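S.K.: Input file: structure.pdb. Contents: PDB, C-alpha atoms and all ligand atoms.
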ATOM      1  CA  MET S  23       2.313 -18.246  12.671  1.00  0.00           C
ATOM      2  CA  ASN S  24       5.497 -17.875  14.650  1.00  0.00           C
ATOM      3  CA  LEU S  25       6.912 -14.499  13.778  1.00  0.00           C
ATOM      4  CA  PHE S  26      10.367 -15.454  14.894  1.00  0.00           C
ATOM      5  CA  THR S  27      10.913 -18.522  12.784  1.00  0.00           C
ATOM      6  CA  LYS S  28      12.934 -18.159   9.687  1.00  0.00           C
ATOM      7  CA  GLN S  29      11.192 -19.359   6.566  1.00  0.00           C
ATOM      8  CA  GLY S  30      12.446 -19.859   3.093  1.00  0.00           C
ATOM      9  CA  GLY S  31      16.082 -20.465   4.025  1.00  0.00           C
ATOM     10  CA  PHE S  32      17.667 -19.563   0.741  1.00  0.00           C
ATOM     11  CA  ILE S  33      16.105 -16.186   0.141  1.00  0.00           C
ATOM     12  CA  VAL S  34      18.785 -13.508   0.087  1.00  0.00           C
ATOM     13  CA  ILE S  35      16.856 -10.383   0.913  1.00  0.00           C
ATOM     14  CA  LYS S  36      19.747  -8.021   0.265  1.00  0.00           C
ATOM     15  CA  ASP S  37      20.172  -9.313  -3.265  1.00  0.00           C
ATOM     16  CA  ASN S  38      16.446  -9.150  -3.910  1.00  0.00           C
ATOM     17  CA  LEU S  39      16.327  -5.562  -2.695  1.00  0.00           C
ATOM     18  CA  ASP S  40      19.266  -4.619  -4.919  1.00  0.00           C
ATOM     19  CA  HIS S  41      17.442  -6.142  -7.848  1.00  0.00           C
ATOM     20  CA  VAL S  42      14.161  -4.390  -7.083  1.00  0.00           C
ATOM     21  CA  TYR S  43      15.872  -1.013  -6.644  1.00  0.00           C
ATOM     22  CA  GLN S  44      17.682  -1.407  -9.967  1.00  0.00           C
ATOM     23  CA  ASN S  45      14.377  -2.160 -11.657  1.00  0.00           C
ATOM     24  CA  ILE S  46      12.780   0.857 -10.020  1.00  0.00           C
ATOM     25  CA  TYR S  47      15.614   3.109 -11.151  1.00  0.00           C
ATOM     26  CA  ALA S  48      15.515   1.662 -14.677  1.00  0.00           C
ATOM     27  CA  ALA S  49      11.759   2.239 -14.919  1.00  0.00           C
ATOM     28  CA  CYS S  50      12.157   5.814 -13.663  1.00  0.00           C
ATOM     29  CA  ASP S  51      14.909   6.469 -16.183  1.00  0.00           C
ATOM     30  CA  ASN S  52      12.813   4.945 -18.994  1.00  0.00           C
ATOM     31  CA  ALA S  53       9.895   7.151 -18.164  1.00  0.00           C
ATOM     32  CA  GLY S  54      11.967  10.266 -17.570  1.00  0.00           C
ATOM     33  CA  ARG S  55      10.845  10.350 -13.966  1.00  0.00           C
ATOM     34  CA  CYS S  56      12.811  11.449 -10.945  1.00  0.00           C
ATOM     35  CA  ARG S  57      13.992   8.448  -8.897  1.00  0.00           C
ATOM     36  CA  LYS S  58      13.093  10.110  -5.642  1.00  0.00           C
ATOM     37  CA  ASP S  59       9.445  10.357  -6.704  1.00  0.00           C
ATOM     38  CA  VAL S  60       8.994   6.605  -6.438  1.00  0.00           C
ATOM     39  CA  SER S  61       9.066   4.816  -3.079  1.00  0.00           C
ATOM     40  CA  LEU S  62       9.229   1.135  -2.344  1.00  0.00           C
ATOM     41  CA  ILE S  63       6.911  -0.453   0.183  1.00  0.00           C
ATOM     42  CA  ALA S  64       8.300  -3.788   1.357  1.00  0.00           C
ATOM     43  CA  VAL S  65       5.194  -5.955   1.657  1.00  0.00           C
ATOM     44  CA  SER S  66       6.043  -8.244   4.530  1.00  0.00           C
ATOM     45  CA  LYS S  67       2.736 -10.028   5.217  1.00  0.00           C
ATOM     46  CA  THR S  68       3.126 -13.631   6.451  1.00  0.00           C
ATOM     47  CA  LYS S  69       6.902 -13.156   6.789  1.00  0.00           C
ATOM     48  CA  PRO S  70       8.722 -13.468  10.119  1.00  0.00           C
ATOM     49  CA  VAL S  71      10.302 -10.531  11.928  1.00  0.00           C
ATOM     50  CA  SER S  72      13.765 -11.969  11.258  1.00  0.00           C
ATOM     51  CA  MET S  73      13.253 -11.457   7.541  1.00  0.00           C
ATOM     52  CA  LEU S  74      11.835  -7.963   8.001  1.00  0.00           C
ATOM     53  CA  MET S  75      14.883  -7.115  10.112  1.00  0.00           C
ATOM     54  CA  GLU S  76      17.175  -8.219   7.295  1.00  0.00           C
ATOM     55  CA  ALA S  77      15.398  -5.731   5.045  1.00  0.00           C
ATOM     56  CA  TYR S  78      15.510  -3.104   7.791  1.00  0.00           C
ATOM     57  CA  ASP S  79      19.239  -3.584   8.294  1.00  0.00           C
ATOM     58  CA  TYR S  80      19.660  -3.091   4.555  1.00  0.00           C
ATOM     59  CA  GLY S  81      17.843   0.245   4.719  1.00  0.00           C
ATOM     60  CA  CYS S  82      14.108  -0.500   4.369  1.00  0.00           C
ATOM     61  CA  ARG S  83      11.980   1.733   6.562  1.00  0.00           C
ATOM     62  CA  VAL S  84       8.587   1.349   4.892  1.00  0.00           C
ATOM     63  CA  PHE S  85       6.694  -1.906   5.343  1.00  0.00           C
ATOM     64  CA  GLY S  86       3.243  -2.920   4.153  1.00  0.00           C
ATOM     65  CA  GLU S  87       0.956  -5.332   5.962  1.00  0.00           C
ATOM     66  CA  ASN S  88      -2.584  -6.419   5.154  1.00  0.00           C
ATOM     67  CA  LYS S  89      -3.813  -7.736   8.516  1.00  0.00           C
ATOM     68  CA  VAL S  90      -4.322  -5.595  11.600  1.00  0.00           C
ATOM     69  CA  GLN S  91      -3.150  -8.128  14.162  1.00  0.00           C
ATOM     70  CA  GLU S  92      -0.015  -9.002  12.248  1.00  0.00           C
ATOM     71  CA  LEU S  93       0.828  -5.336  11.751  1.00  0.00           C
ATOM     72  CA  LEU S  94       0.404  -4.698  15.480  1.00  0.00           C
ATOM     73  CA  ASP S  95       2.542  -7.696  16.458  1.00  0.00           C
ATOM     74  CA  LYS S  96       5.362  -6.534  14.223  1.00  0.00           C
ATOM     75  CA  TYR S  97       4.945  -2.867  15.202  1.00  0.00           C
ATOM     76  CA  GLU S  98       5.391  -3.891  18.825  1.00  0.00           C
ATOM     77  CA  VAL S  99       8.750  -5.616  18.408  1.00  0.00           C
ATOM     78  CA  MET S 100      10.384  -3.717  15.553  1.00  0.00           C
ATOM     79  CA  PRO S 101      12.291  -0.405  15.558  1.00  0.00           C
ATOM     80  CA  LYS S 102      10.168   2.700  15.942  1.00  0.00           C
ATOM     81  CA  ASP S 103      11.503   4.551  12.911  1.00  0.00           C
ATOM     82  CA  ILE S 104       9.584   2.205  10.600  1.00  0.00           C
ATOM     83  CA  LYS S 105       6.630   3.570   8.647  1.00  0.00           C
ATOM     84  CA  TRP S 106       3.842   0.997   8.581  1.00  0.00           C
ATOM     85  CA  HIS S 107       1.384   1.028   5.710  1.00  0.00           C
ATOM     86  CA  MET S 108      -1.956  -0.739   5.960  1.00  0.00           C
ATOM     87  CA  ILE S 109      -2.539  -2.086   2.471  1.00  0.00           C
ATOM     88  CA  GLY S 110      -5.234  -4.710   3.060  1.00  0.00           C
ATOM     89  CA  HIS S 111      -8.988  -4.618   3.437  1.00  0.00           C
ATOM     90  CA  LEU S 112      -9.778  -2.942   6.754  1.00  0.00           C
ATOM     91  CA  GLN S 113     -12.758  -3.811   8.927  1.00  0.00           C
ATOM     92  CA  ARG S 114     -14.348  -0.912  10.726  1.00  0.00           C
ATOM     93  CA  ASN S 115     -14.146  -2.552  14.145  1.00  0.00           C
ATOM     94  CA  LYS S 116     -10.341  -2.775  13.842  1.00  0.00           C
ATOM     95  CA  VAL S 117      -9.685   0.824  12.852  1.00  0.00           C
ATOM     96  CA  LYS S 118      -9.178   1.889  16.464  1.00  0.00           C
ATOM     97  CA  TYR S 119      -6.140  -0.349  16.893  1.00  0.00           C
ATOM     98  CA  ILE S 120      -4.110   1.182  14.086  1.00  0.00           C
ATOM     99  CA  VAL S 121      -4.989   4.857  13.469  1.00  0.00           C
ATOM    100  CA  ASP S 122      -2.136   6.133  15.598  1.00  0.00           C
ATOM    101  CA  LYS S 123       0.365   3.536  14.363  1.00  0.00           C
ATOM    102  CA  VAL S 124       0.207   3.664  10.581  1.00  0.00           C
ATOM    103  CA  ALA S 125       1.717   6.200   8.196  1.00  0.00           C
ATOM    104  CA  LEU S 126      -0.846   5.560   5.461  1.00  0.00           C
ATOM    105  CA  ILE S 127      -4.019   3.527   5.014  1.00  0.00           C
ATOM    106  CA  HIS S 128      -4.240   2.484   1.360  1.00  0.00           C
ATOM    107  CA  SER S 129      -7.557   0.691   1.409  1.00  0.00           C
ATOM    108  CA  VAL S 130     -10.390   3.132   2.103  1.00  0.00           C
ATOM    109  CA  ASP S 131     -13.256   2.085  -0.127  1.00  0.00           C
ATOM    110  CA  SER S 132     -16.404   3.320   1.605  1.00  0.00           C
ATOM    111  CA  LEU S 133     -17.675   6.400   3.377  1.00  0.00           C
ATOM    112  CA  LYS S 134     -18.508   4.287   6.426  1.00  0.00           C
ATOM    113  CA  LEU S 135     -14.870   3.229   6.748  1.00  0.00           C
ATOM    114  CA  ALA S 136     -13.669   6.819   6.231  1.00  0.00           C
ATOM    115  CA  GLU S 137     -16.084   7.974   8.944  1.00  0.00           C
ATOM    116  CA  GLU S 138     -14.780   5.392  11.382  1.00  0.00           C
ATOM    117  CA  ILE S 139     -11.166   6.395  10.690  1.00  0.00           C
ATOM    118  CA  SER S 140     -12.164  10.033  11.195  1.00  0.00           C
ATOM    119  CA  ARG S 141     -13.890   9.274  14.497  1.00  0.00           C
ATOM    120  CA  GLU S 142     -10.901   7.385  15.889  1.00  0.00           C
ATOM    121  CA  ALA S 143      -8.441   9.973  14.572  1.00  0.00           C
ATOM    122  CA  VAL S 144     -10.281  12.756  16.364  1.00  0.00           C
ATOM    123  CA  LYS S 145     -10.479  10.684  19.539  1.00  0.00           C
ATOM    124  CA  LYS S 146      -6.730   9.997  19.499  1.00  0.00           C
ATOM    125  CA  GLN S 147      -5.916  13.496  18.232  1.00  0.00           C
ATOM    126  CA  VAL S 148      -3.964  12.339  15.209  1.00  0.00           C
ATOM    127  CA  GLU S 149      -4.263  13.132  11.529  1.00  0.00           C
ATOM    128  CA  VAL S 150      -4.530   9.977   9.433  1.00  0.00           C
ATOM    129  CA  SER S 151      -3.383   9.910   5.829  1.00  0.00           C
ATOM    130  CA  ILE S 152      -5.495   7.772   3.546  1.00  0.00           C
ATOM    131  CA  LEU S 153      -5.763   6.641  -0.048  1.00  0.00           C
ATOM    132  CA  ILE S 154      -9.000   5.743  -1.778  1.00  0.00           C
ATOM    133  CA  GLU S 155      -8.883   2.186  -3.130  1.00  0.00           C
ATOM    134  CA  VAL S 156     -10.242   2.005  -6.667  1.00  0.00           C
ATOM    135  CA  ASN S 157     -11.305  -1.198  -8.403  1.00  0.00           C
ATOM    136  CA  ILE S 158     -10.023   0.202 -11.644  1.00  0.00           C
ATOM    137  CA  ALA S 159     -10.529  -2.940 -13.732  1.00  0.00           C
ATOM    138  CA  GLY S 160     -14.024  -3.495 -12.335  1.00  0.00           C
ATOM    139  CA  GLU S 161     -13.278  -7.031 -11.160  1.00  0.00           C
ATOM    140  CA  ASP S 162     -16.016  -8.809  -9.171  1.00  0.00           C
ATOM    141  CA  THR S 163     -13.496 -10.291  -6.767  1.00  0.00           C
ATOM    142  CA  LYS S 164     -11.835  -7.028  -5.740  1.00  0.00           C
ATOM    143  CA  PHE S 165     -12.503  -4.459  -3.062  1.00  0.00           C
ATOM    144  CA  GLY S 166     -12.492  -0.798  -4.013  1.00  0.00           C
ATOM    145  CA  VAL S 167     -14.874   1.802  -5.382  1.00  0.00           C
ATOM    146  CA  THR S 168     -15.551   1.961  -9.089  1.00  0.00           C
ATOM    147  CA  ALA S 169     -13.818   4.634 -11.125  1.00  0.00           C
ATOM    148  CA  ASN S 170     -17.196   6.347 -11.511  1.00  0.00           C
ATOM    149  CA  ASP S 171     -17.873   6.530  -7.773  1.00  0.00           C
ATOM    150  CA  THR S 172     -14.388   7.674  -6.795  1.00  0.00           C
ATOM    151  CA  GLU S 173     -14.896  11.431  -6.985  1.00  0.00           C
ATOM    152  CA  LYS S 174     -18.069  11.211  -4.918  1.00  0.00           C
ATOM    153  CA  LEU S 175     -16.307   9.282  -2.148  1.00  0.00           C
ATOM    154  CA  VAL S 176     -13.344  11.672  -2.268  1.00  0.00           C
ATOM    155  CA  ARG S 177     -15.663  14.675  -1.888  1.00  0.00           C
ATOM    156  CA  GLU S 178     -17.555  13.131   1.036  1.00  0.00           C
ATOM    157  CA  ALA S 179     -14.472  11.871   2.855  1.00  0.00           C
ATOM    158  CA  ALA S 180     -12.721  15.231   2.395  1.00  0.00           C
ATOM    159  CA  LEU S 181     -15.273  16.837   4.720  1.00  0.00           C
ATOM    160  CA  LEU S 182     -14.376  14.567   7.638  1.00  0.00           C
ATOM    161  CA  PRO S 183     -12.049  15.825  10.390  1.00  0.00           C
ATOM    162  CA  GLY S 184      -8.850  13.983  11.259  1.00  0.00           C
ATOM    163  CA  ILE S 185      -8.198  12.449   7.862  1.00  0.00           C
ATOM    164  CA  SER S 186      -6.218  13.683   4.926  1.00  0.00           C
ATOM    165  CA  ILE S 187      -6.732  12.254   1.435  1.00  0.00           C
ATOM    166  CA  LYS S 188      -3.408  11.820  -0.340  1.00  0.00           C
ATOM    167  CA  GLY S 189      -4.345   9.935  -3.494  1.00  0.00           C
ATOM    168  CA  LEU S 190      -5.512   6.654  -4.980  1.00  0.00           C
ATOM    169  CA  MET S 191      -4.558   3.008  -4.748  1.00  0.00           C
ATOM    170  CA  THR S 192      -5.390   0.032  -6.911  1.00  0.00           C
ATOM    171  CA  ILE S 193      -4.681  -3.665  -7.092  1.00  0.00           C
ATOM    172  CA  ALA S 194      -4.435  -4.524 -10.775  1.00  0.00           C
ATOM    173  CA  PRO S 195      -5.628  -7.891 -12.109  1.00  0.00           C
ATOM    174  CA  LEU S 196      -3.448 -10.946 -11.711  1.00  0.00           C
ATOM    175  CA  THR S 197      -1.906 -11.567 -15.107  1.00  0.00           C
ATOM    176  CA  MET S 198       0.933 -13.430 -16.769  1.00  0.00           C
ATOM    177  CA  ASN S 199       1.706 -10.422 -18.932  1.00  0.00           C
ATOM    178  CA  PRO S 200       2.305  -7.202 -16.986  1.00  0.00           C
ATOM    179  CA  GLU S 201       1.741  -5.150 -20.154  1.00  0.00           C
ATOM    180  CA  ASP S 202      -1.937  -6.088 -19.811  1.00  0.00           C
ATOM    181  CA  ASN S 203      -2.109  -3.861 -16.741  1.00  0.00           C
ATOM    182  CA  ARG S 204      -0.630  -0.759 -18.313  1.00  0.00           C
ATOM    183  CA  GLN S 205      -4.107   0.424 -19.351  1.00  0.00           C
ATOM    184  CA  TYR S 206      -5.349   0.186 -15.747  1.00  0.00           C
ATOM    185  CA  PHE S 207      -2.387   2.076 -14.317  1.00  0.00           C
ATOM    186  CA  ALA S 208      -2.870   4.776 -16.933  1.00  0.00           C
ATOM    187  CA  LYS S 209      -6.564   4.929 -16.061  1.00  0.00           C
ATOM    188  CA  LEU S 210      -5.861   5.377 -12.342  1.00  0.00           C
ATOM    189  CA  LYS S 211      -3.355   8.124 -13.126  1.00  0.00           C
ATOM    190  CA  GLN S 212      -5.879   9.920 -15.333  1.00  0.00           C
ATOM    191  CA  LEU S 213      -8.537   9.611 -12.642  1.00  0.00           C
ATOM    192  CA  SER S 214      -6.200  11.231 -10.108  1.00  0.00           C
ATOM    193  CA  VAL S 215      -5.392  14.067 -12.524  1.00  0.00           C
ATOM    194  CA  ASP S 216      -9.107  14.652 -13.210  1.00  0.00           C
ATOM    195  CA  ILE S 217      -9.934  14.802  -9.499  1.00  0.00           C
ATOM    196  CA  ASN S 218      -6.941  17.032  -8.729  1.00  0.00           C
ATOM    197  CA  GLN S 219      -8.187  19.538 -11.278  1.00  0.00           C
ATOM    198  CA  LYS S 220     -11.390  19.961  -9.281  1.00  0.00           C
ATOM    199  CA  ASN S 221      -9.369  21.576  -6.461  1.00  0.00           C
ATOM    200  CA  ILE S 222     -11.368  19.997  -3.679  1.00  0.00           C
ATOM    201  CA  ASP S 223     -10.490  21.308  -0.218  1.00  0.00           C
ATOM    202  CA  ASN S 224      -8.409  18.916   1.910  1.00  0.00           C
ATOM    203  CA  VAL S 225      -7.740  16.686  -1.108  1.00  0.00           C
ATOM    204  CA  ASN S 226      -4.434  16.069  -2.751  1.00  0.00           C
ATOM    205  CA  MET S 227      -4.135  13.367  -5.382  1.00  0.00           C
ATOM    206  CA  ASN S 228      -0.347  13.279  -5.563  1.00  0.00           C
ATOM    207  CA  VAL S 229       0.091   9.732  -4.271  1.00  0.00           C
ATOM    208  CA  LEU S 230      -0.572   6.796  -6.563  1.00  0.00           C
ATOM    209  CA  SER S 231      -0.103   3.391  -4.946  1.00  0.00           C
ATOM    210  CA  MET S 232       0.033   0.847  -7.767  1.00  0.00           C
ATOM    211  CA  GLY S 233       2.232  -1.987  -8.966  1.00  0.00           C
ATOM    212  CA  MET S 234       3.257  -5.241  -7.283  1.00  0.00           C
ATOM    213  CA  THR S 235       6.025  -7.797  -7.930  1.00  0.00           C
ATOM    214  CA  GLY S 236       4.680  -8.760 -11.350  1.00  0.00           C
ATOM    215  CA  ASP S 237       4.052  -5.312 -12.751  1.00  0.00           C
ATOM    216  CA  TYR S 238       5.722  -2.547 -10.738  1.00  0.00           C
ATOM    217  CA  MET S 239       7.963  -1.400 -13.579  1.00  0.00           C
ATOM    218  CA  ILE S 240       4.935  -0.785 -15.801  1.00  0.00           C
ATOM    219  CA  ALA S 241       3.185   0.971 -12.920  1.00  0.00           C
ATOM    220  CA  ILE S 242       6.157   3.315 -12.487  1.00  0.00           C
ATOM    221  CA  GLU S 243       6.155   4.122 -16.186  1.00  0.00           C
ATOM    222  CA  GLU S 244       2.497   5.088 -15.803  1.00  0.00           C
ATOM    223  CA  GLY S 245       3.047   7.286 -12.760  1.00  0.00           C
ATOM    224  CA  ALA S 246       3.149   5.176  -9.568  1.00  0.00           C
ATOM    225  CA  SER S 247       4.576   6.935  -6.531  1.00  0.00           C
ATOM    226  CA  TYR S 248       4.414   3.896  -4.244  1.00  0.00           C
ATOM    227  CA  VAL S 249       5.030   0.380  -5.480  1.00  0.00           C
ATOM    228  CA  ARG S 250       4.099  -2.490  -3.169  1.00  0.00           C
ATOM    229  CA  VAL S 251       6.522  -5.373  -3.570  1.00  0.00           C
ATOM    230  CA  GLY S 252       6.325  -8.546  -1.488  1.00  0.00           C
ATOM    231  CA  THR S 253       7.372 -11.683  -3.332  1.00  0.00           C
ATOM    232  CA  GLY S 254      10.161  -9.862  -5.171  1.00  0.00           C
ATOM    233  CA  ILE S 255      11.830  -9.079  -1.836  1.00  0.00           C
ATOM    234  CA  PHE S 256      10.854 -11.848   0.570  1.00  0.00           C
ATOM    235  CA  GLY S 257      10.106 -14.743  -1.790  1.00  0.00           C
ATOM    236  CA  ASP S 258       6.901 -16.743  -2.177  1.00  0.00           C
ATOM    237  CA  ARG S 259       4.393 -16.693   0.621  1.00  0.00           C
ATOM    238  CA  GLN S 260       3.236 -19.901   2.244  1.00  0.00           C
ATOM    239  CA  TYR S 261      -0.248 -19.730   3.642  1.00  0.00           C
ATOM    240  CA  PRO S 262      -1.291 -22.315   6.207  1.00  0.00           C
ATOM    241  CA  VAL S 263      -3.634 -24.969   4.800  1.00  0.00           C
ATOM    242  CA  LYS S 264      -7.096 -24.399   6.235  1.00  0.00           C
TER     243      LYS S 264
HETATM  244  C1  LIG S 301       0.336  -8.944  -0.984  1.00  0.00           C
HETATM  245  C2  LIG S 301       0.106  -7.609  -1.557  1.00  0.00           C
HETATM  246  C3  LIG S 301       1.087  -6.983  -2.361  1.00  0.00           C
HETATM  247  C4  LIG S 301       2.409  -7.629  -2.730  1.00  0.00           C
HETATM  248  O1  LIG S 301       2.218  -8.614  -3.697  1.00  0.00           O
HETATM  249  P1  LIG S 301       3.475  -9.317  -4.395  1.00  0.00           P
HETATM  250  O2  LIG S 301       2.898  -9.868  -5.658  1.00  0.00           O
HETATM  251  O3  LIG S 301       3.953 -10.384  -3.470  1.00  0.00           O
HETATM  252  O4  LIG S 301       4.489  -8.284  -4.653  1.00  0.00           O
HETATM  253  C5  LIG S 301       0.814  -5.710  -2.813  1.00  0.00           C
HETATM  254  N1  LIG S 301      -0.332  -5.077  -2.531  1.00  0.00           N
HETATM  255  C6  LIG S 301      -1.291  -5.637  -1.774  1.00  0.00           C
HETATM  256  C7  LIG S 301      -2.534  -4.881  -1.472  1.00  0.00           C
HETATM  257  C8  LIG S 301      -1.097  -6.918  -1.263  1.00  0.00           C
HETATM  258  O5  LIG S 301      -2.065  -7.470  -0.506  1.00  0.00           O
END
Please go through the file and, once you have read it, give me the structure as C-alpha cells.
Ligand SMILES: *Cc1c(COP(=O)(O)O)cnc(C)c1O
M.R.:
Amino acid sequence: MNLFTKQGGFIVIKDNLDHVYQNIYAACDNAGRCRKDVSLIAVSKTKPVSMLMEAYDYGCRVFGENKVQELLDKYEVMPKDIKWHMIGHLQRNKVKYIVDKVALIHSVDSLKLAEEISREAVKKQVEVSILIEVNIAGEDTKFGVTANDTEKLVREAALLPGISIKGLMTIAPLTMNPEDNRQYFAKLKQLSVDINQKNIDNVNMNVLSMGMTGDYMIAIEEGASYVRVGTGIFGDRQYPVK
C-alpha cells in the first residue's frame, strides 16, 4: 500500500465528520448523556496519510489503527499531537514497537499479552493504558475473553507493573440491524459496572470502547465512551486481492 496515494476520490471527509458528530450529539442527547463523555476514534486503517491529514486539519486528533506496521508508518510522518489507538489484534512479538507510541491498547485478551505489555512498559519506563477485549456475543470468529473470564483476567493483569486498566472493549456482531447489538452493548456496560463495584486496585472500568459505523449511535445510548468509526468517515475500505 502506498500511504501517499489518494483513494476514493469523491469522499468528502469534512462532511462525513460533520455527519458523524451530529449523530454522536443526537445519541448523547437522546440518552441524556453529556456530549463530552463520548469521544470519536477515527479508524484510519488502510487509508492513506493524505486522507488522515484531511481529518486532522478538520480537528481529529485521535486515530485508530489495527496493524502495528501501518500504525508506525503513519506515526512517523504525522503530527505529534495525535493520539494513536491500537484497536486490532496484537501479537506479543510486536508489543515492543508500540508501547511508547500509543495512547491506548484496546485489544488485550490474554494474560500473556498483558504480561508482555507490562514487560516492555517497564523496560521503556512508560505507563501503558489498556482495555480488556471481551467477546461479548460469544462468536467463534472473534478475539476477546468471554464475559465469564473477564474479571479473572482483569484481576491478574491489574497486578502487573507498567500497565493501567481503563475499561472494556468489544466488537459487536456484524448485522444489518444495529438494534440487534443493543443487548451486547448493554451487557458490556453491565459487566464493567459489576467489575467496578469490586474495587480492584489499579483497575478503573470507566472506559467503554464499543460501536462502529453501523451501530455507534446504539452503543452511545448504552454507555459507550469511545466509538470507533472508520467507513463513516473515510468511506469503504479496499483490501488488496490476495
Ligand atoms: C475496522 C474497525 C473499526 C471500524 O469499522 P467501521 O465499520 O469501518 O466503522 C472499528 N473497530 C475495530 C476493532 C476495527 O477493526
S.K.: Please report the interatomic distance between CA of Asp237 (chain S) and CA of Pro200 (chain S) in Å with one decimal.
M.R.: 5.0 Å
S.K.: Pick out the residues sitting within 10 Å of region 98-111 of chain S, and hand them over as a count of residues only; count all atoms listed in the file, and ignore anything fewer than 3 positions along from it in its own chain.
M.R.: 44
S.K.: Starting from the PyMOL selection byres (((chain S and resi 228) around 8) and not hetatm), expand the selection into actual residues of this file and give them as a list in words.
M.R.: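 After applying the PyMOL selection byres (((chain S and resi 228) around 8) and not hetatm), what remains is Lys188, Gly189, Ser214, Asn226, Met227, Val229 and Leu230 of chain S.
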S.K.: Under the PyMOL selection byres (((chain S and resi 133) around 9) and not hetatm), which residues of this model are included? Write them out as a PyMOL selection string.
M.R.: chain S and resi 130-132+134-138+175-176+178-179
S.K.: May I ask for the distance between CA of Leu112 (chain S) and CA of Leu190 (chain S), given in Å to one decimal place?
M.R.: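 Here the two named atoms are 15.7 Å from each other.
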S.K.: Go through the shown structure with the PyMOL selection byres (((chain S and resi 143) around 10) and not hetatm) and write out the matching residues as an mmCIF file with C-alpha atoms, in the frame of the given file.
M.R.:
data_model
loop_
_atom_site.group_PDB
_atom_site.id
_atom_site.type_symbol
_atom_site.label_atom_id
_atom_site.label_comp_id
_atom_site.auth_asym_id
_atom_site.auth_seq_id
_atom_site.Cartn_x
_atom_site.Cartn_y
_atom_site.Cartn_z
ATOM 1 C CA VAL S 117 -9.685 0.824 12.852
ATOM 2 C CA LYS S 118 -9.178 1.889 16.464
ATOM 3 C CA ILE S 120 -4.110 1.182 14.086
ATOM 4 C CA VAL S 121 -4.989 4.857 13.469
ATOM 5 C CA ASP S 122 -2.136 6.133 15.598
ATOM 6 C CA GLU S 137 -16.084 7.974 8.944
ATOM 7 C CA GLU S 138 -14.780 5.392 11.382
ATOM 8 C CA ILE S 139 -11.166 6.395 10.690
ATOM 9 C CA SER S 140 -12.164 10.033 11.195
ATOM 10 C CA ARG S 141 -13.890 9.274 14.497
ATOM 11 C CA GLU S 142 -10.901 7.385 15.889
ATOM 12 C CA VAL S 144 -10.281 12.756 16.364
ATOM 13 C CA LYS S 145 -10.479 10.684 19.539
ATOM 14 C CA LYS S 146 -6.730 9.997 19.499
ATOM 15 C CA GLN S 147 -5.916 13.496 18.232
ATOM 16 C CA VAL S 148 -3.964 12.339 15.209
ATOM 17 C CA GLU S 149 -4.263 13.132 11.529
ATOM 18 C CA VAL S 150 -4.530 9.977 9.433
ATOM 19 C CA PRO S 183 -12.049 15.825 10.390
ATOM 20 C CA GLY S 184 -8.850 13.983 11.259
ATOM 21 C CA ILE S 185 -8.198 12.449 7.862
#
S.K.: Given the choices S:Thr197, S:Ser247, S:Gln205, S:Thr235, which gets closest to ligand LIG 301 (chain S) if the distance is worked out from all atoms listed in the file?
M.R.: S:Thr235
S.K.: Take atom C7 of ligand LIG 301 (chain S) and CA of Tyr248 (chain S) and report the distance between them in Å, one decimal.
M.R.: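 Pair atom C7 of ligand LIG 301 (chain S) / CA of Tyr248 (chain S) returns 11.5 Å.
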S.K.: Compare S:Lys96, S:Gly252, S:Thr163, S:Gln260 by their minimum atom-to-atom distance to Leu62 (chain S), counting all atoms listed in the file, and give me the closest one.
M.R.: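 Between S:Lys96, S:Gly252, S:Thr163, S:Gln260, the residue approaching Leu62 (chain S) most closely is S:Gly252.
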S.K.: When distances are computed from only C-alpha atoms and all ligand atoms, which of S:Met232, S:Leu213, S:Tyr261, S:Lys58 shows the smallest separation from ligand LIG 301 (chain S)?
M.R.: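 Among the listed residues, S:Met232 lies closest to ligand LIG 301 (chain S).
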S.K.: Give me the residues near Ile35 (chain S) as a PyMOL selection string, where near means some atom within 7 Å (using all atoms listed in the file) and where sequence neighbours in that chain fewer than 2 positions away do not count.
M.R.: chain S and resi 33+37-39+76-77+255-256
S.K.: With distances taken over all atoms listed in the file, which residue among S:Ser66, S:Lys211, S:Met73, S:Ile187 lies nearest Lys36 (chain S)?
M.R.: S:Met73
S.K.: Near Asp51 (chain S), counting all atoms listed in the file, which residues have an atom at most 12 Å away, once you skip same-chain residues fewer than 5 positions from it, shown as a ChimeraX atom specification?
M.R.: /S:44-46,56-60,239,242-243
S.K.: With all atoms listed in the file as the counted atoms, please give the residues lying no more than 9 Å from Gly236 (chain S), apart from itself and same-chain residues fewer than 2 positions off, as a list in words.
M.R.: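 Here the qualifying residues turn out to be Leu196, Thr197, Met198, Asn199, Pro200, Gly233, Met234, Tyr238, Met239, Val251, Thr253 and Gly254 of chain S.
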S.K.: Only C-alpha atoms, please: the residues just picked out, written as a PDB file, in the coordinates of the input.
M.R.:
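See selection.pdb below for the written result:
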ATOM      1  CA  LEU S 196      -3.448 -10.946 -11.711  1.00  0.00           C
ATOM      2  CA  THR S 197      -1.906 -11.567 -15.107  1.00  0.00           C
ATOM      3  CA  MET S 198       0.933 -13.430 -16.769  1.00  0.00           C
ATOM      4  CA  ASN S 199       1.706 -10.422 -18.932  1.00  0.00           C
ATOM      5  CA  PRO S 200       2.305  -7.202 -16.986  1.00  0.00           C
ATOM      6  CA  GLY S 233       2.232  -1.987  -8.966  1.00  0.00           C
ATOM      7  CA  MET S 234       3.257  -5.241  -7.283  1.00  0.00           C
ATOM      8  CA  TYR S 238       5.722  -2.547 -10.738  1.00  0.00           C
ATOM      9  CA  MET S 239       7.963  -1.400 -13.579  1.00  0.00           C
ATOM     10  CA  VAL S 251       6.522  -5.373  -3.570  1.00  0.00           C
ATOM     11  CA  THR S 253       7.372 -11.683  -3.332  1.00  0.00           C
ATOM     12  CA  GLY S 254      10.161  -9.862  -5.171  1.00  0.00           C
TER      13      GLY S 254
END
